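Below you'll find the structure, written out as structure tokens, and then a few comments.
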Amino acid sequence: MAGQVLNLGIDLLADKFIETSGVGGAIAEFKVGIGLTAPTGADTDIEIGVPITDGTVNDNGDNTLTGSSGGDNSTDNTTTFKQGAGASDDTAQNLIANNGNATKIWTIADLSSLGNNIVQTLPAAIWLFIKDSTALAKFKSSGTAVEYKLGSDSSNYFSKTYTASQLAVGWNWLTTGVTAVEDLTETGTVSGDVDTFIIEITTNNGTDTFVAGDVIYDLLRTWATSDLTKTFESGFPSYSSSTKEIQSRMILTATEANGFDISEIVVRNIAGTAWTRDLLTTAFSKSRTEELRFTQKDRFTSN
């Protein structure tokens, strides 16, 4: 027996996507992020989601990091910095490295003195800028090149590591993703306040150095899962029975998702299940002077 989905049947189906009664199937929110691969039907979420709302600034990049081993004290950089998380200092830190050791270390021993301690149940991230290919070539070519540590002191900490192949010239967002700080690799036993922040870069040679502008750190932040999503604009999604089209409209205000090159968007239903994942044709560099609006149209057809 042959069948045909009727136009009224399409209307009934579409209504399930836009109903506002709280049913899990209704689409209602979105995520934005950094997309590296083309969407497939097997995708279940955004590739690299970024915080839309501020979360918590643990260090705004305005504070000197104390250098040790092959690292010297950091210096202010007011030319190259990262916006975001509501921080308005417009200052980052030059990570200055000497020729004394291949391991270059920079530390903030008490985040609470000028920022906020880490809540270890939340994910975390920092920005790291690498000036050019010459600077990048100094990073250790095999094994761990960058490690940042969040702990109760320099011997007891959680850490995230990166190889040189995971880094690029320009800004690198070094994020734990959806992994909470407490679920990272733990060295020693972290107890009490998570107030110690350490960046450790290993170079190929002990004689490798960094001068101001070569490598820059900015903005240690944490966020909650709720900071990654936002609901649609009021009145959306909407449905047109004449065109059989669902329209979703989303906005990032001037205070949201700043500092990121937005290249991916995911639409989700009330239950948090991804419905669509799309890559933007061109990544959009979001700053605090701009709003970004997305309109997505999905059309049902009856063959």
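A note on labels: chains of the structure tokens are A, B, ... as shown, every chain counts residues from 1, and ligands are counted from 1 in their shown order.
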
* Can you pull out every residue within 10 Å of Ser69 of chain A, counting only C-alpha atoms, but drop anything in the same chain fewer than 5 positions away, and send it as a list in words? =>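 The residues that qualify are Ala97, Asn98, Asn99, Gly100, Asn101, Ala102, Thr103, Lys104, Ile105, Trp106 and Glu200 of chain A.
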
Using the chain letters and numbers from this document, which residues of segment 179-297 of chain A does DSSP assign to helix (DSSP H, G or I), as a PDB file with C-alpha atoms, in the first residue's frame?
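This went into part18.pdb:
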ATOM      1  CA  VAL A 181      38.755  20.997  36.578  1.00  0.00           C
ATOM      2  CA  GLU A 182      38.503  18.281  39.248  1.00  0.00           C
ATOM      3  CA  ASP A 183      38.248  15.635  36.528  1.00  0.00           C
ATOM      4  CA  THR A 225      26.970  24.473  31.596  1.00  0.00           C
ATOM      5  CA  SER A 226      24.174  27.048  31.509  1.00  0.00           C
ATOM      6  CA  ASP A 227      26.646  29.656  30.173  1.00  0.00           C
ATOM      7  CA  LEU A 228      26.946  27.645  26.938  1.00  0.00           C
TER       8      LEU A 228
END

* So, counting only C-alpha atoms, which residue among A:Ala135, A:Lys31, A:Gly70, A:Ile48 is closest to Ala168 of chain A? ->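 Closest to Ala168 of chain A, using only C-alpha atoms: A:Ala135.
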
* In segment 254-292 of chain A, what's strand (DSSP E) per DSSP? Answer as a VMD selection string? -> chain A and resid 261 to 269 274 to 285 292

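Look at segment 293-299 of chain A: the protein and nucleic acid residues within 6 Å of it, using only C-alpha atoms and passing over chain neighbours fewer than 4 places away, are Lys244, Glu245, Ile246, Gln247, Ser248, Arg249, Met250 and Ile251 of chain A.
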
Contacts of Asp195 of chain A at 10 Å or less, counting only C-alpha atoms, minus same-chain residues fewer than 6 places along, as a PDB file with N, CA and C atoms, in the first residue's frame?
ATOM      1  N   ASN A  58      38.663  34.372  36.608  1.00  0.00           N
ATOM      2  CA  ASN A  58      39.545  34.010  37.717  1.00  0.00           C
ATOM      3  C   ASN A  58      40.823  34.834  37.714  1.00  0.00           C
ATOM      4  N   ILE A 108      50.853  32.405  39.277  1.00  0.00           N
ATOM      5  CA  ILE A 108      50.099  33.266  40.191  1.00  0.00           C
ATOM      6  C   ILE A 108      49.803  32.397  41.403  1.00  0.00           C
ATOM      7  N   ALA A 109      50.364  32.755  42.553  1.00  0.00           N
ATOM      8  CA  ALA A 109      50.282  31.903  43.743  1.00  0.00           C
ATOM      9  C   ALA A 109      48.986  32.086  44.521  1.00  0.00           C
ATOM     10  N   ASP A 110      48.264  33.178  44.281  1.00  0.00           N
ATOM     11  CA  ASP A 110      47.018  33.418  45.010  1.00  0.00           C
ATOM     12  C   ASP A 110      46.040  34.151  44.104  1.00  0.00           C
ATOM     13  N   LEU A 111      45.224  33.381  43.414  1.00  0.00           N
ATOM     14  CA  LEU A 111      44.263  33.973  42.489  1.00  0.00           C
ATOM     15  C   LEU A 111      43.295  34.923  43.191  1.00  0.00           C
ATOM     16  N   SER A 112      42.976  34.647  44.437  1.00  0.00           N
ATOM     17  CA  SER A 112      41.971  35.452  45.139  1.00  0.00           C
ATOM     18  C   SER A 112      42.448  36.866  45.440  1.00  0.00           C
ATOM     19  N   SER A 113      43.771  37.095  45.415  1.00  0.00           N
ATOM     20  CA  SER A 113      44.285  38.419  45.765  1.00  0.00           C
ATOM     21  C   SER A 113      43.895  39.468  44.730  1.00  0.00           C
ATOM     22  N   GLY A 115      41.825  38.300  41.788  1.00  0.00           N
ATOM     23  CA  GLY A 115      40.795  37.691  40.949  1.00  0.00           C
ATOM     24  C   GLY A 115      39.902  36.799  41.783  1.00  0.00           C
ATOM     25  N   ASN A 116      39.692  35.565  41.325  1.00  0.00           N
ATOM     26  CA  ASN A 116      38.826  34.618  42.023  1.00  0.00           C
ATOM     27  C   ASN A 116      39.432  33.225  41.985  1.00  0.00           C
ATOM     28  N   ASN A 117      39.322  32.523  43.097  1.00  0.00           N
ATOM     29  CA  ASN A 117      39.763  31.141  43.129  1.00  0.00           C
ATOM     30  C   ASN A 117      38.947  30.293  42.151  1.00  0.00           C
ATOM     31  N   ILE A 118      39.516  29.177  41.757  1.00  0.00           N
ATOM     32  CA  ILE A 118      38.857  28.248  40.855  1.00  0.00           C
ATOM     33  C   ILE A 118      37.821  27.412  41.613  1.00  0.00           C
ATOM     34  N   VAL A 119      36.623  27.302  41.054  1.00  0.00           N
ATOM     35  CA  VAL A 119      35.646  26.314  41.530  1.00  0.00           C
ATOM     36  C   VAL A 119      35.899  25.042  40.728  1.00  0.00           C
ATOM     37  N   LEU A 150      46.115  24.076  37.849  1.00  0.00           N
ATOM     38  CA  LEU A 150      45.214  24.760  38.772  1.00  0.00           C
ATOM     39  C   LEU A 150      45.171  23.925  40.039  1.00  0.00           C
ATOM     40  N   GLY A 151      45.675  24.484  41.142  1.00  0.00           N
ATOM     41  CA  GLY A 151      45.778  23.664  42.334  1.00  0.00           C
ATOM     42  C   GLY A 151      45.778  24.442  43.625  1.00  0.00           C
ATOM     43  N   SER A 152      46.037  23.692  44.708  1.00  0.00           N
ATOM     44  CA  SER A 152      46.116  24.312  46.030  1.00  0.00           C
ATOM     45  C   SER A 152      47.520  24.807  46.332  1.00  0.00           C
ATOM     46  N   ASP A 153      48.504  24.331  45.582  1.00  0.00           N
ATOM     47  CA  ASP A 153      49.866  24.856  45.626  1.00  0.00           C
ATOM     48  C   ASP A 153      50.605  24.281  44.422  1.00  0.00           C
ATOM     49  N   TYR A 157      47.941  19.744  42.203  1.00  0.00           N
ATOM     50  CA  TYR A 157      47.213  20.490  41.184  1.00  0.00           C
ATOM     51  C   TYR A 157      46.522  19.567  40.175  1.00  0.00           C
TER      52      TYR A 157
END

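Candidate residues A:Leu167, A:Ile126, A:Ala92, A:Ala145 were compared for distance to Gly213 of chain A, and the nearest is A:Ala92, using only C-alpha atoms.
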
* Asked: Do you know which residues are at most 10 Å from Asp54 of chain A counting only C-alpha atoms, after dropping those on the same chain fewer than 2 positions away, and could you put them as an MDAnalysis selection string?
  -> chainID A and resid 51:52 56:57 84:87 221:224 227:228 255:258

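Remark: for Gln166 of chain A, the closest of the candidate residues A:Ile262, A:Leu136, A:Ile216, A:Leu184 is A:Leu136 (distances computed over only C-alpha atoms).
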
* What is the atom CA of Asp261 of chain A to atom CA of Trp171 of chain A distance in Å? -> 10.2 Å
